[in-house]
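Asks: My structure file entry.cif, mmCIF, C-alpha atoms and all ligand atoms, is below:
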```cif
data_input
loop_
_atom_site.label_atom_id
_atom_site.label_comp_id
_atom_site.auth_asym_id
_atom_site.auth_seq_id
_atom_site.Cartn_x
_atom_site.Cartn_y
_atom_site.Cartn_z
CA MET A 261 112.55 98.56 114.62
CA VAL A 262 113.89 101.98 113.73
CA LYS A 263 115.45 102.21 117.20
CA ILE A 264 116.88 98.69 117.21
CA PHE A 265 118.54 99.24 113.86
CA GLY A 266 119.56 102.82 114.48
CA ALA A 267 117.79 104.16 111.39
CA LYS A 268 116.03 107.55 111.35
CA PRO A 269 112.28 108.10 111.11
CA LEU A 270 111.42 110.00 107.95
CA THR A 271 110.47 113.54 108.98
CA GLU A 272 107.92 115.89 107.47
CA ASN A 273 110.78 118.06 106.21
CA GLU A 274 112.55 115.17 104.55
CA VAL A 275 109.36 114.07 102.82
CA ARG A 276 108.77 117.61 101.61
CA ASN A 277 112.33 117.90 100.38
CA LEU A 278 112.12 114.67 98.39
CA GLU A 279 108.75 115.70 96.94
CA ARG A 280 110.19 119.08 95.98
CA ILE A 281 113.10 117.47 94.14
CA ALA A 282 110.77 114.93 92.55
CA GLY A 283 108.30 117.65 91.56
CA ASP A 284 105.49 115.34 92.64
CA SER A 285 103.81 113.96 95.75
CA ASN A 286 103.61 110.26 96.52
CA ILE A 287 101.09 108.40 98.68
CA MET A 288 103.68 106.00 100.08
CA LEU A 289 105.68 108.96 101.34
CA ARG A 290 102.72 111.04 102.53
CA ARG A 291 101.29 108.07 104.42
CA ARG A 292 104.69 106.89 105.64
CA VAL A 293 104.53 103.48 104.00
CA PHE A 294 108.15 104.46 103.59
CA TYR A 295 108.84 105.56 107.11
CA SER A 296 112.53 105.48 107.89
CA HIS A 297 115.90 105.93 106.26
CA ARG A 298 119.62 106.15 106.56
CA ASP A 299 121.38 109.08 104.89
CA LEU A 300 118.54 109.91 102.52
CA ASP A 301 119.43 113.53 103.20
CA VAL A 302 123.04 112.95 102.13
CA TYR A 303 121.87 111.15 98.99
CA LEU A 304 119.50 113.94 97.95
CA ASP A 305 122.17 116.50 98.64
CA MET A 306 124.61 114.68 96.35
CA TYR A 307 121.87 114.31 93.75
CA GLU A 308 121.23 118.04 93.77
CA LYS A 309 124.93 118.79 93.57
CA GLY A 310 125.05 116.77 90.37
CA PHE A 311 126.93 113.68 91.53
CA ARG A 312 126.04 110.46 89.79
CA CYS A 313 123.27 108.64 91.66
CA SER A 314 121.44 105.38 91.17
CA LEU A 315 118.92 103.04 92.76
CA TYR A 316 119.40 99.48 93.94
CA THR A 317 116.93 96.89 95.13
CA GLY A 318 116.35 93.19 94.67
CA ARG A 319 114.38 90.05 95.20
CA GLY A 320 114.99 86.49 96.28
CA PRO A 321 113.11 84.66 93.51
CA SER A 322 111.58 81.70 95.32
CA GLY A 323 108.08 81.85 93.91
CA SER A 324 105.39 84.03 92.43
CA THR A 325 105.27 87.69 93.25
CA HIS A 326 102.51 89.11 95.44
CA LEU A 327 101.36 92.65 96.16
CA GLY A 328 103.61 92.86 99.22
CA HIS A 329 106.63 92.34 96.98
CA ILE A 330 105.70 94.86 94.35
CA LEU A 331 104.81 97.65 96.80
CA PRO A 332 108.41 98.92 97.18
CA TRP A 333 109.01 98.42 93.45
CA ILE A 334 106.10 100.72 92.64
CA PHE A 335 107.73 103.38 94.77
CA THR A 336 111.09 102.63 93.16
CA LYS A 337 109.54 103.24 89.75
CA TRP A 338 108.29 106.60 90.97
CA LEU A 339 111.83 107.49 92.06
CA GLN A 340 113.21 106.24 88.75
CA ASP A 341 110.77 108.36 86.74
CA ARG A 342 110.85 111.46 88.89
CA LEU A 343 114.58 111.64 89.52
CA GLY A 344 115.64 110.09 86.20
CA LEU A 345 117.66 107.38 87.94
CA GLU A 346 118.96 104.06 86.75
CA LEU A 347 117.99 101.05 88.84
CA PHE A 348 120.11 98.00 89.54
CA PHE A 349 117.93 95.05 90.47
CA GLN A 350 119.46 91.92 91.96
CA MET A 351 117.74 88.55 91.54
CA THR A 352 119.26 86.28 94.16
CA ASP A 353 118.46 82.85 92.76
CA ASP A 354 121.57 81.56 94.56
CA GLU A 355 120.44 82.90 97.94
CA LYS A 356 117.03 81.24 97.67
CA PHE A 357 118.57 77.96 96.52
CA TRP A 358 120.89 77.95 99.53
CA HIS A 359 118.08 79.00 101.80
CA ASP A 360 115.41 76.51 100.85
CA GLU A 361 116.01 72.74 101.11
CA ARG A 362 113.42 71.90 98.51
CA LEU A 363 114.19 74.52 95.90
CA ASP A 364 116.41 73.57 92.97
CA ILE A 365 118.66 76.23 91.44
CA SER A 366 116.97 75.71 88.05
CA GLU A 367 113.69 76.59 89.72
CA SER A 368 114.84 79.73 91.53
CA ASN A 369 116.57 80.76 88.30
CA ARG A 370 113.33 80.31 86.36
CA TYR A 371 111.51 82.45 88.95
CA ALA A 372 114.12 85.17 88.48
CA TYR A 373 112.96 85.50 84.88
CA GLU A 374 109.28 85.22 85.81
CA ASN A 375 109.81 88.03 88.29
CA ILE A 376 111.35 90.26 85.60
CA LEU A 377 107.91 90.20 83.97
CA ASP A 378 106.55 91.81 87.12
CA LEU A 379 109.15 94.57 86.92
CA ALA A 380 108.09 95.19 83.34
CA ALA A 381 104.39 95.18 84.24
CA ILE A 382 105.01 97.81 86.92
CA GLY A 383 106.33 99.96 84.12
CA LEU A 384 110.01 100.07 85.05
CA ASP A 385 111.82 101.40 81.99
CA HIS A 386 114.14 98.75 80.51
CA ARG A 387 116.56 101.43 79.31
CA LYS A 388 117.08 102.41 82.93
CA THR A 389 116.54 99.06 84.71
CA HIS A 390 119.39 96.59 84.88
CA VAL A 391 118.69 93.15 86.30
CA ILE A 392 121.55 91.07 87.62
CA VAL A 393 120.87 87.35 88.04
CA ASP A 394 123.37 86.12 90.63
CA SER A 395 123.92 82.57 89.36
CA GLU A 396 124.63 83.80 85.83
CA ASP A 397 126.21 87.20 86.27
CA ILE A 398 128.90 86.50 88.83
CA ALA A 399 131.55 88.10 86.59
CA PHE A 400 129.97 91.47 87.42
CA LEU A 401 130.14 90.89 91.15
CA TYR A 402 133.24 88.85 91.75
CA PRO A 403 135.86 91.58 91.20
CA ILE A 404 134.05 93.54 93.94
CA ALA A 405 133.26 90.50 96.07
CA VAL A 406 136.91 89.53 96.51
CA LYS A 407 137.57 92.92 98.08
CA VAL A 408 134.39 92.95 100.15
CA ALA A 409 134.93 89.42 101.49
CA LYS A 410 138.37 90.33 102.78
CA LYS A 411 136.83 93.07 104.95
CA ILE A 412 134.27 90.88 106.70
CA THR A 413 135.33 88.57 109.50
CA PHE A 414 133.41 85.44 110.37
CA SER A 415 132.62 86.83 113.79
CA THR A 416 131.08 90.04 112.36
CA GLN A 417 129.14 87.93 109.92
CA LYS A 418 127.84 85.54 112.59
CA ALA A 419 126.92 88.40 114.91
CA THR A 420 125.07 90.23 112.13
CA PHE A 421 123.13 87.35 110.60
CA GLY A 422 122.93 84.86 113.43
CA PHE A 423 124.38 81.97 111.47
CA THR A 424 125.59 78.85 113.24
CA ASP A 425 128.04 76.03 112.59
CA SER A 426 125.37 74.07 110.75
CA THR A 427 124.51 76.87 108.30
CA ASN A 428 125.63 75.87 104.79
CA ILE A 429 128.55 77.94 103.58
CA GLY A 430 126.62 79.18 100.56
CA LEU A 431 124.53 81.25 102.96
CA ILE A 432 127.63 82.27 104.82
CA PHE A 433 129.18 83.69 101.64
CA TYR A 434 125.95 85.14 100.27
CA PRO A 435 125.99 88.50 102.14
CA VAL A 436 129.18 89.36 100.26
CA LEU A 437 127.19 89.34 97.02
CA GLN A 438 124.29 91.44 98.25
CA ILE A 439 126.74 93.96 99.71
CA SER A 440 128.93 93.97 96.59
CA THR A 441 125.96 94.88 94.41
CA SER A 442 125.58 98.13 96.34
CA PHE A 443 129.04 99.10 95.01
CA LEU A 444 128.48 97.85 91.46
CA PRO A 445 127.21 101.16 90.03
CA SER A 446 130.47 102.92 90.97
CA GLU A 447 132.40 100.23 89.11
CA LEU A 448 130.18 100.21 86.03
CA TYR A 449 130.14 103.98 85.63
CA LYS A 450 133.79 104.20 86.66
CA GLU A 451 132.97 107.07 88.96
CA GLU A 452 131.80 107.59 92.52
CA THR A 453 128.10 106.75 92.42
CA TYR A 454 125.66 107.36 95.27
CA VAL A 455 123.21 104.54 95.74
CA LEU A 456 119.77 104.62 97.37
CA ILE A 457 118.24 101.30 98.38
CA PRO A 458 114.46 101.16 98.84
CA ALA A 459 113.72 97.95 100.77
CA GLY A 460 112.15 96.46 103.88
CA ILE A 461 114.09 97.03 107.11
CA ASP A 462 114.76 93.28 107.31
CA GLN A 463 117.49 93.83 104.69
CA ASP A 464 119.22 96.37 106.88
CA PRO A 465 121.97 94.10 108.31
CA TYR A 466 123.55 93.89 104.85
CA TRP A 467 123.68 97.66 104.53
CA ARG A 468 125.15 98.13 107.97
CA ILE A 469 128.14 96.08 106.90
CA ALA A 470 128.19 97.75 103.47
CA ARG A 471 128.29 101.17 105.12
CA ASP A 472 131.01 100.10 107.54
CA ILE A 473 133.39 98.97 104.80
CA ALA A 474 132.45 101.34 101.94
CA THR A 475 134.89 104.15 102.66
CA SER A 476 137.88 101.88 103.04
CA LEU A 477 137.11 100.38 99.62
CA GLY A 478 136.70 103.79 98.02
CA TYR A 479 132.93 103.71 97.56
CA PRO A 480 130.26 106.10 98.91
CA LYS A 481 128.16 104.60 101.72
CA PRO A 482 124.84 103.36 100.31
CA SER A 483 121.71 105.13 101.63
CA GLN A 484 118.48 103.35 102.48
CA ILE A 485 114.79 104.11 102.63
CA HIS A 486 112.66 101.52 104.42
CA ASN A 487 109.08 100.47 103.73
CA LYS A 488 106.51 98.91 106.00
CA LEU A 489 105.39 95.47 104.89
CA LEU A 490 101.92 95.11 103.41
CA PRO A 491 99.70 93.16 105.83
CA GLY A 492 98.17 89.91 104.62
CA LEU A 493 94.42 89.51 104.24
CA GLY A 494 94.17 87.50 107.46
CA PRO A 495 93.85 88.81 111.04
CA GLU A 496 97.58 89.32 111.46
CA GLY A 497 101.00 89.12 109.86
CA LYS A 498 102.53 90.40 106.64
CA MET A 499 101.38 89.25 103.23
CA SER A 500 103.32 86.04 102.82
CA SER A 501 103.61 83.12 100.44
CA SER A 502 103.38 80.80 103.43
CA LYS A 503 99.67 81.75 103.59
CA PRO A 504 98.60 81.90 99.93
CA GLU A 505 94.93 82.52 100.75
CA THR A 506 95.91 85.81 102.40
CA ALA A 507 98.19 86.94 99.56
CA ILE A 508 97.24 88.37 96.18
CA TYR A 509 99.67 87.18 93.54
CA THR A 510 100.27 89.16 90.37
CA THR A 511 99.43 85.95 88.52
CA ASP A 512 96.18 85.20 90.38
CA PRO A 513 93.28 85.05 87.94
CA PRO A 514 91.45 88.38 88.51
CA GLU A 515 88.38 86.56 89.81
CA VAL A 516 90.48 84.68 92.37
CA GLY A 517 92.06 87.93 93.54
CA ALA A 518 88.61 89.44 93.96
CA GLN A 519 87.42 86.41 95.93
CA LYS A 520 90.39 86.62 98.27
CA ILE A 521 89.38 90.20 99.07
CA MET A 522 85.77 89.17 99.70
CA ARG A 523 87.04 86.60 102.23
CA ALA A 524 89.54 88.95 103.89
CA PHE A 525 89.65 89.67 107.59
CA THR A 526 88.22 93.10 108.43
CA GLY A 527 87.91 95.26 111.51
CA GLY A 528 84.14 94.93 111.27
CA GLN A 529 81.51 93.77 113.76
CA PRO A 530 80.03 90.26 113.57
CA THR A 531 76.70 91.50 112.18
CA VAL A 532 75.52 94.39 110.02
CA GLU A 533 73.27 95.60 112.88
CA LEU A 534 76.19 95.79 115.29
CA GLN A 535 78.34 97.45 112.65
CA LYS A 536 75.74 100.17 112.13
CA LYS A 537 75.47 100.68 115.87
CA LEU A 538 79.12 100.44 116.95
CA GLY A 539 81.08 101.11 113.77
CA GLY A 540 84.08 99.20 112.44
CA ASN A 541 87.75 99.42 113.23
CA PRO A 542 89.77 100.56 110.20
CA ASP A 543 92.97 100.63 112.27
CA ARG A 544 93.08 96.87 112.40
CA CYS A 545 91.51 96.02 109.08
CA SER A 546 93.45 94.31 106.29
CA VAL A 547 91.05 95.74 103.71
CA TYR A 548 91.48 99.33 104.88
CA LYS A 549 95.28 98.85 104.80
CA MET A 550 95.07 97.81 101.15
CA TYR A 551 93.28 101.04 100.33
CA GLU A 552 95.75 103.04 102.35
CA MET A 553 98.94 101.48 101.04
CA LEU A 554 98.03 100.79 97.41
CA PHE A 555 94.53 101.26 96.12
CA GLU A 556 93.33 104.74 97.11
CA ASP A 557 95.40 107.66 95.85
CA ASP A 558 92.99 110.34 96.98
CA ASP A 559 93.60 111.40 100.61
CA THR A 560 90.16 112.93 101.00
CA LYS A 561 88.43 109.77 99.81
CA LEU A 562 90.59 107.65 102.10
CA LEU A 563 89.75 109.79 105.12
CA ASP A 564 86.09 109.67 104.18
CA ARG A 565 86.24 105.88 104.06
CA TYR A 566 87.98 105.82 107.44
CA TRP A 567 85.26 107.85 109.19
CA LYS A 568 82.37 106.18 107.41
CA CYS A 569 83.74 102.86 108.68
CA LYS A 570 84.30 104.09 112.21
CA THR A 571 80.81 105.54 112.48
CA GLY A 572 79.08 102.49 111.03
CA ALA A 573 77.93 104.21 107.85
CA LEU A 574 80.03 101.86 105.73
CA ILE A 575 79.66 98.11 106.06
CA CYS A 576 82.39 95.62 105.31
CA GLY A 577 80.59 93.86 102.47
CA ASP A 578 80.37 97.08 100.45
CA CYS A 579 83.88 98.16 101.34
CA LYS A 580 85.27 94.78 100.28
CA ALA A 581 83.25 94.71 97.08
CA ASP A 582 84.67 98.08 96.08
CA LEU A 583 88.24 96.92 96.77
CA ALA A 584 87.61 93.60 95.01
CA SER A 585 86.64 95.41 91.84
CA ARG A 586 89.76 97.61 92.03
CA VAL A 587 91.93 94.54 92.57
CA ARG A 588 90.22 92.74 89.67
CA ARG A 589 90.84 95.68 87.35
CA PHE A 590 94.42 96.00 88.56
CA LEU A 591 95.12 92.32 87.88
CA VAL A 592 93.57 92.42 84.41
CA ASP A 593 95.73 95.38 83.36
CA PHE A 594 98.84 94.15 85.13
CA GLN A 595 98.65 90.73 83.52
CA LYS A 596 98.23 92.22 80.06
CA ARG A 597 101.44 94.19 80.50
CA ARG A 598 103.14 91.20 82.13
CA GLU A 599 102.46 88.94 79.16
CA ALA A 600 103.42 91.62 76.66
CA ALA A 601 106.88 91.74 78.26
CA ARG A 602 107.65 88.06 77.71
CA ASP A 603 109.51 88.62 74.45
CA ASN A 604 111.46 91.58 75.84
CA ILE A 605 113.00 90.08 78.95
CA GLU A 606 116.57 90.41 77.73
CA LEU A 607 116.15 94.18 77.42
CA TYR A 608 116.18 94.26 81.22
CA LEU A 609 119.31 92.17 81.70
CA LEU A 610 122.41 93.95 82.92
CA ARG A 611 124.63 91.66 80.86
CA THR A 612 123.10 92.81 77.58
CA LYS A 613 124.07 96.41 78.35
CA PHE A 614 127.25 96.52 80.43
CA GLU A 615 130.67 94.90 80.50
CA PRO A 616 131.79 93.31 83.79
CA PRO A 617 134.16 95.53 85.79
CA LYS A 618 137.86 94.76 85.42
CA HIS A 619 140.73 94.99 87.84
CA ASN A 620 143.13 97.69 86.79
CA MET A 621 145.14 96.06 84.02
CA ARG A 622 148.57 95.13 85.28
CA LYS A 623 151.66 94.62 83.17
CA PRO A 624 153.00 91.06 83.37
CA LEU A 625 156.10 90.92 85.56
N1 LIG B 701 117.90 89.31 100.16
C1 LIG B 701 116.76 89.78 99.44
C2 LIG B 701 115.60 88.77 99.62
O1 LIG B 701 115.70 87.79 100.23
C3 LIG B 701 117.04 89.98 97.98
C4 LIG B 701 117.88 91.21 97.70
C5 LIG B 701 119.12 91.23 97.10
C6 LIG B 701 117.54 92.56 97.99
N2 LIG B 701 119.57 92.50 97.01
C7 LIG B 701 118.63 93.34 97.53
C8 LIG B 701 116.41 93.17 98.57
C9 LIG B 701 118.61 94.72 97.67
C10 LIG B 701 116.41 94.54 98.70
C11 LIG B 701 117.49 95.32 98.27
O2 LIG B 701 114.54 89.02 99.14
#
```
Show this structure as structure tokens.
Ligand code: TRP

Replies:
Amino acid sequence: MVKIFGAKPLTENEVRNLERIAGDSNIMLRRRVFYSHRDLDVYLDMYEKGFRCSLYTGRGPSGSTHLGHILPWIFTKWLQDRLGLELFFQMTDDEKFWHDERLDISESNRYAYENILDLAAIGLDHRKTHVIVDSEDIAFLYPIAVKVAKKITFSTQKATFGFTDSTNIGLIFYPVLQISTSFLPSELYKEETYVLIPAGIDQDPYWRIARDIATSLGYPKPSQIHNKLLPGLGPEGKMSSSKPETAIYTTDPPEVGAQKIMRAFTGGQPTVELQKKLGGNPDRCSVYKMYEMLFEDDDTKLLDRYWKCKTGALICGDCKADLASRVRRFLVDFQKRREAARDNIELYLLRTKFEPPKHNMRKPL
């Protein structure tokens, strides 16, 4: 993927540099859950030189949030805290409405607000987190979008996103909005603002266009840092809402979350006897991945689990039970914070804190 998209693998030096600036280490960096980037080095350089910097990420609100969705947001919170950055978060209720035949705009819009509760539960600071809801906040984007749209030809757009003649034109216009949001911080702060986008590499086509046109519009090129997707609890594939039994939702009752873990696919042998004799395979185990990517901070304990599994000293039932109790505890705490945020949603909304950008005022002729 890194090769196809022309991104750069995150090197040891780059990880160390980021951790130095952050004054903290992070498991998603150490374990390369975030594994590639574009111009992270430039971004950090500008940050250290004192230029204004911010973060940008987003979500297509088409349903409940699962652990795979919140993984990059947890890392984003770490960046926000450690580097003192403001985060712009785009909720693309329009994109999901255009994308999904059966989804009404009122529904994707409602999910946008539900999903803000997840941002709050993660602990993102509302004073530094600004959520833009596409279908309601177009005044913030449109002054930028008119300029962006003029730079993108239909042939570039088709080649980048693979759209065809039967794609609805909502989807054809949509990339303009996702790209425009990467320039929004510069407009809102009225100064050149460097933007880092933590996201899955699947979002990269947008940023390739954004980077191509940024300079000509007078904006810095946005930088990216890419995360691996959290595997689902089945034998293969990412955690996905199309297979709810293999996904842990932030709104799953804690007991249900725990049960899903107990039923998860593992790299274990068919019987306990065989497991003790031959050992398990943590490298293709959805349960081990959950420890590695989210639920075990301690590197020594993770390594210990890895070798105990491989040598047959640890059996899947015990390993799953341990994870299930961590997931249960996580869900209990998360849901408490999630509910507590319900009355404070507007604190996160961009529109309650900023004025839409204006074109330079012109004198009437
Ligand atoms: N297109 C993304 C999705 O389908 C949503 C999104 C909008 C996004 N802006 C973003 C994701 C910036 C990452 C970074 O989920």

Asks: Can you tell me which residues sit at most 7 Å away from ligand LIG 701 (chain B), counting all atoms listed in the file, written as a PDB file with C-alpha atoms, in the coordinates of the input?

Replies:
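The resulting file, selection08.pdb, is reproduced below:
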```pdb
ATOM      1  CA  TYR A 316     119.400  99.480  93.940  1.00  0.00           C
ATOM      2  CA  THR A 317     116.930  96.890  95.130  1.00  0.00           C
ATOM      3  CA  GLY A 318     116.350  93.190  94.670  1.00  0.00           C
ATOM      4  CA  ARG A 319     114.380  90.050  95.200  1.00  0.00           C
ATOM      5  CA  GLY A 320     114.990  86.490  96.280  1.00  0.00           C
ATOM      6  CA  GLN A 350     119.460  91.920  91.960  1.00  0.00           C
ATOM      7  CA  MET A 351     117.740  88.550  91.540  1.00  0.00           C
ATOM      8  CA  THR A 352     119.260  86.280  94.160  1.00  0.00           C
ATOM      9  CA  GLN A 438     124.290  91.440  98.250  1.00  0.00           C
ATOM     10  CA  ILE A 457     118.240 101.300  98.380  1.00  0.00           C
ATOM     11  CA  PRO A 458     114.460 101.160  98.840  1.00  0.00           C
ATOM     12  CA  ALA A 459     113.720  97.950 100.770  1.00  0.00           C
ATOM     13  CA  GLY A 460     112.150  96.460 103.880  1.00  0.00           C
ATOM     14  CA  GLN A 463     117.490  93.830 104.690  1.00  0.00           C
TER      15      GLN A 463
END
```

Asks: Rounded to one decimal place, report the CA of Val532 in chain A-CA of Ile575 in chain A distance in Å.

Replies: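 Distance reported for this atom pair: 6.8 Å.
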
Asks: Counting all atoms listed in the file, which of A:Pro403, A:Gly577, A:Gly344, A:Gly478 gets nearest to Arg387 in chain A?

Replies: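 Among the listed residues, the smallest separation from Arg387 in chain A belongs to A:Gly344.
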
Asks: Which residues of range 279-388 of chain A come within 10 Å of range 512-515 of chain A, and what is each one's closest atom pair and distance in Å (one decimal), counting all atoms listed in the file, sorted by chain and residue number, as a Markdown table?

Replies:
```
| residue | atom | partner | partner_atom | distance |
| --- | --- | --- | --- | --- |
| A:Ser324 | CA | A:Asp512 | CA | 9.5 |
| A:Thr325 | CA | A:Asp512 | CA | 9.9 |
| A:His326 | CA | A:Asp512 | CA | 9.0 |
```

Asks: In Å, rounded to a single decimal, give me how far CA of Asp299 in chain A is from CA of Ser500 in chain A.

Replies: 29.3 Å

Asks: Mind pulling up the distance from CA of Ile461 in chain A to CA of Asp559 in chain A?

Replies: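 Going from CA of Asp559 in chain A over to CA of Ile461 in chain A covers 25.9 Å.
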
Asks: Each residue of range 459-576 of chain A with at least one atom at most 12 Å from range 410-422 of chain A should appear once, together with its nearest atom pair and the corresponding distance in Å (one decimal); atoms considered: only C-alpha atoms; ordering: chain, then increasing residue number; output as a Markdown table.

Replies:
```
| residue | atom | partner | partner_atom | distance |
| --- | --- | --- | --- | --- |
| A:Asp462 | CA | A:Phe421 | CA | 10.8 |
| A:Gln463 | CA | A:Phe421 | CA | 10.4 |
| A:Asp464 | CA | A:Thr420 | CA | 10.0 |
| A:Pro465 | CA | A:Thr420 | CA | 6.3 |
| A:Tyr466 | CA | A:Thr420 | CA | 8.3 |
| A:Trp467 | CA | A:Thr420 | CA | 10.7 |
| A:Arg468 | CA | A:Thr420 | CA | 8.9 |
| A:Ile469 | CA | A:Ile412 | CA | 8.0 |
| A:Ala470 | CA | A:Ile412 | CA | 9.7 |
| A:Arg471 | CA | A:Lys411 | CA | 11.8 |
| A:Asp472 | CA | A:Lys411 | CA | 9.5 |
| A:Ile473 | CA | A:Lys411 | CA | 6.8 |
| A:Ala474 | CA | A:Lys411 | CA | 9.8 |
| A:Thr475 | CA | A:Lys411 | CA | 11.5 |
| A:Ser476 | CA | A:Lys411 | CA | 9.1 |
| A:Leu477 | CA | A:Lys411 | CA | 9.1 |
```

Asks: Hey, which of A:Cys569, A:Val455, A:Ala584, A:Leu327 ends up closest to Leu490 in chain A? Count all atoms listed in the file.

Replies: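 Closest to Leu490 in chain A of all the choices is A:Leu327.
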
Asks: Considering all atoms listed in the file, tabulate each residue of range 479-532 of chain A that lies at most 10 Å from range 265-272 of chain A along with its nearest interatomic pair and the corresponding distance in Å to one decimal; arrange the rows by chain and ascending residue number and present them as CSV.

Replies:
```
residue,atom,partner,partner_atom,distance
A:Gln484,CA,A:Ala267,CA,9.0
A:Ile485,CA,A:Leu270,CA,8.6
A:His486,CA,A:Ala267,CA,9.0
```

Asks: Show me, as lines of an AutoDock Vina configuration file, the centre and edge lengths in Å to one decimal of the axis-aligned box that covers every listed atom of range 569-578 of chain A with 3 Å on each side.

Replies:
```
center_x = 81.1
center_y = 99.7
center_z = 106.5
size_x = 12.4
size_y = 17.7
size_z = 18.0
```

Asks: With distances taken over only C-alpha atoms, which of A:Pro617, A:Gly383, A:Gly492, A:Pro445 is nearest to Tyr509 in chain A?

Replies: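 The closest residue to Tyr509 in chain A is A:Gly492.
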
Asks: Nearest residue to Phe311 in chain A out of A:Ser296, A:Ser395, A:Thr453, A:Asn273, using all atoms listed in the file?

Replies: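 Of A:Ser296, A:Ser395, A:Thr453, A:Asn273, the one nearest Phe311 in chain A, counting all atoms listed in the file, is A:Thr453.
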
Asks: So, counting only C-alpha atoms, which residue among A:Asn277, A:Ser426, A:Ser546, A:Thr511 is closest to Leu493 in chain A?

Replies: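 Using only C-alpha atoms, Leu493 in chain A sits closest to A:Ser546.
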
Asks: Which residue, A:Asp593, A:Asp341, A:Glu606, A:Asp378, has the smallest gap to Ala282 in chain A when you use only C-alpha atoms?

Replies: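 Of the candidates, the smallest distance to Ala282 in chain A is held by A:Asp341.
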
Asks: Which neighbours of Ile429 in chain A fall inside 12 Å, counting all atoms listed in the file, when residues of the same chain fewer than 2 positions from it are skipped, and could you give them as JSON, numbers by chain?

Replies: {"A": [354, 355, 358, 359, 414, 417, 418, 423, 424, 425, 426, 427, 431, 432, 433, 434, 435, 436]}
